Amino acid sequence: MIDPAFPHSPEQVTAVESFADDGGRVVLLGEPTRVDVATGPFGGSLVDVRSRLGRLGDGLGVAFGTDYLYDEVNNEGNYKRVLADGRGDLDDARAALYTATTVEAPGGERLLVTPETTRLSVQSGARRRPVAVRTGNVVAVGDTTFLTGAKPVVADNGRLARVIAAFAVGGDRIRDVADFPYFLPDEPRIRYSSAGLLDATKDLAREVRASGRPGGVAPTGRSVAPRRTEVLVTTFEDLERTNAPETGIEVTATTVSVPGYDGSRNGVAVVHRPEGPVDLVVAASSPERAAAVVRALGDGSIREETLSSRTAVTAAPAEEDGGGVTEPPTGGEPAPPPTGNESASSPERVSPLV
């Protein structure tokens with residue numbers, strides 16, 4: 001993103017934020033406020049032209065300055081052509097920037113910092129100032145001119161350009177099940193296998209739509225995993241009742257089996273990305289367990305339960321699924337009721353010595 005002439009809309013900012021959160025790389029190149037000539041019917045006038053990266057930068061955790069930097073001691077032939085020393089991937093490099101501004105990223109990494117003789121165009125003391133930073137999947141530089149004309153061959157500007165390019169194309173990642181919903185298609189079809197799962201399915205659909213994917217919700221009909229289904233919310237009972245190998249989950253009357261887990265299905269919920277037409281299956285022992293695992297998908301805590309990049313399994317505590325309740329014994333003769341002469345707290349009688 002190179003010094004746009006117009007500010008981004010809130011929707012555009014949200015889209016870029018989602019892109020970065022989804023593993024995409026963002027490069028922002030900004031400029032300080034500059035003076036330009038505006039012409040009109042009554043002649044020309046001088047106007048301040050400000051960078052429009054402020055709103056987008058705020059959303060991505062970076063802040064561009066508005067005043068230009070200058071250095072009368074260390075420069076590239078002109079006091080406005082400041083030099084900056086590299087750090088991290090730019091260690092031992094020195095870049096030359098042309099009428100640059102500061103850029104900050106609280107908690108981020110400083111990639112380029114000017115010498116201690118650098119000042120701002122407003123009244124300020126001389127000190128080191130950051131002009132290029134990285135935070136997460138975002139790199140920001142307070143200059144655009146270093147890429148124009150013959151300037152990439154000045155100082156180590158060529159290396160700076162290569163580092164930025166390598167960063168921009170280095171955002172590939174392998175999606176795992178905890179990256180929900182970013183591995184889903186743009187308009188996923190979300191289906192549920194029984195009416196009791198409708199609320200859990202609606203909650204899941206809200207998470208999907210919050211990522212910019214307008215998914216539609218519908219019941220499955222006769223087939224638990226019909227065609228044209230990207231997300232399936234179901235129960236083990238429904239899977240046991242029908243044959244749905246495309247889900248990648250095997251179910252018996254008492255057990256459930258997925259890669260990495262083969263055990264009791266009581267109180268269990270499975271989130272699985274099968275190898276096949278269905279992108280995601282949420283299967284559980286009950287609608288309540290399905291709702292709980294959907295919440296775990298939404299808040300990211302499902303990552304703690306992953307068995308592999310494609311599978312997560314959660315189990316309810318015993319008290320939630322009845323495992324902690326002791327059933328009364330069956331069969332045999334009932335114990336006789338206590339008599340009035342017996343007491344559990346009475347001391348044992350001692351026979352007298354003879």
# chains A, B, ... in the order shown; residues from 1 in each chain; ligands from 1
>>> closest_atom_pairs(of="range 195-239 of chain A", to="range 276-293 of chain A", cutoff="7 Å", atoms="only C-alpha atoms", output="CSV")
residue,atom,partner,partner_atom,distance
A:Gly196,CA,A:Pro287,CA,5.9
A:Leu197,CA,A:Pro287,CA,5.3
A:Ala200,CA,A:Ala291,CA,4.5
A:Thr229,CA,A:Val278,CA,6.0
A:Glu230,CA,A:Val278,CA,4.7
A:Val231,CA,A:Leu280,CA,4.8
A:Leu232,CA,A:Val281,CA,4.8
A:Val233,CA,A:Val282,CA,4.8
A:Thr234,CA,A:Ala283,CA,4.8
A:Thr235,CA,A:Ala284,CA,4.7
A:Phe236,CA,A:Ser285,CA,5.6
>>> write_last_selection(atoms="C-alpha atoms", output="PDB file, in the first residue's frame")
ATOM      1  CA  GLY A 196     -31.550 -29.854  18.184  1.00  0.00           C
ATOM      2  CA  LEU A 197     -28.349 -28.655  16.509  1.00  0.00           C
ATOM      3  CA  ALA A 200     -25.102 -24.482  17.650  1.00  0.00           C
ATOM      4  CA  THR A 229     -21.852 -29.120   1.915  1.00  0.00           C
ATOM      5  CA  GLU A 230     -18.705 -27.428   3.230  1.00  0.00           C
ATOM      6  CA  VAL A 231     -19.519 -27.476   6.958  1.00  0.00           C
ATOM      7  CA  LEU A 232     -21.517 -30.182   8.728  1.00  0.00           C
ATOM      8  CA  VAL A 233     -22.772 -30.043  12.325  1.00  0.00           C
ATOM      9  CA  THR A 234     -24.010 -33.430  13.496  1.00  0.00           C
ATOM     10  CA  THR A 235     -24.205 -35.909  16.368  1.00  0.00           C
ATOM     11  CA  PHE A 236     -22.690 -39.355  16.734  1.00  0.00           C
TER      12      PHE A 236
END
>>> residues_around(residues="Gly215 in chain A", least_positions_apart="2", cutoff="12 Å", atoms="only C-alpha atoms", output="ChimeraX atom specification")
/A:181,184-191,201-213,217-218,229-231
>>> atom_distance(atom1="CA of Ala165 in chain A", atom2="CA of Leu97 in chain A")
17.4 Å
>>> select_by_dssp(residues="range 183-274 of chain A", states="strand (DSSP E)", output="PyMOL selection string")
chain A and resi 189-192+216-219+231-235+250-251+255-258+261-264+268-272
>>> residues_around(residues="range 298-306 of chain A", least_positions_apart="2", cutoff="10 Å", atoms="only C-alpha atoms", output="list of chain:residue names")
A:Asp176, A:Val177, A:Ala178, A:Asp179, A:Phe180, A:Pro181, A:Asp203, A:Leu204, A:Arg206, A:Glu207, A:Val208, A:Gly260, A:Val270, A:Val271, A:His272, A:Ala292, A:Val293, A:Val294, A:Arg295, A:Ala296, A:Ser308, A:Ser309, A:Arg310, A:Thr311, A:Ala312, A:Val313, A:Thr314, A:Ala315
>>> atom_distance(atom1="CA of Lys151 in chain A", atom2="CA of Asn137 in chain A")
26.1 Å
>>> closest_residue(among="A:Leu297, A:Val73, A:Met1, A:Ala95", to="Tyr182 in chain A", atoms="only C-alpha atoms")
A:Leu297
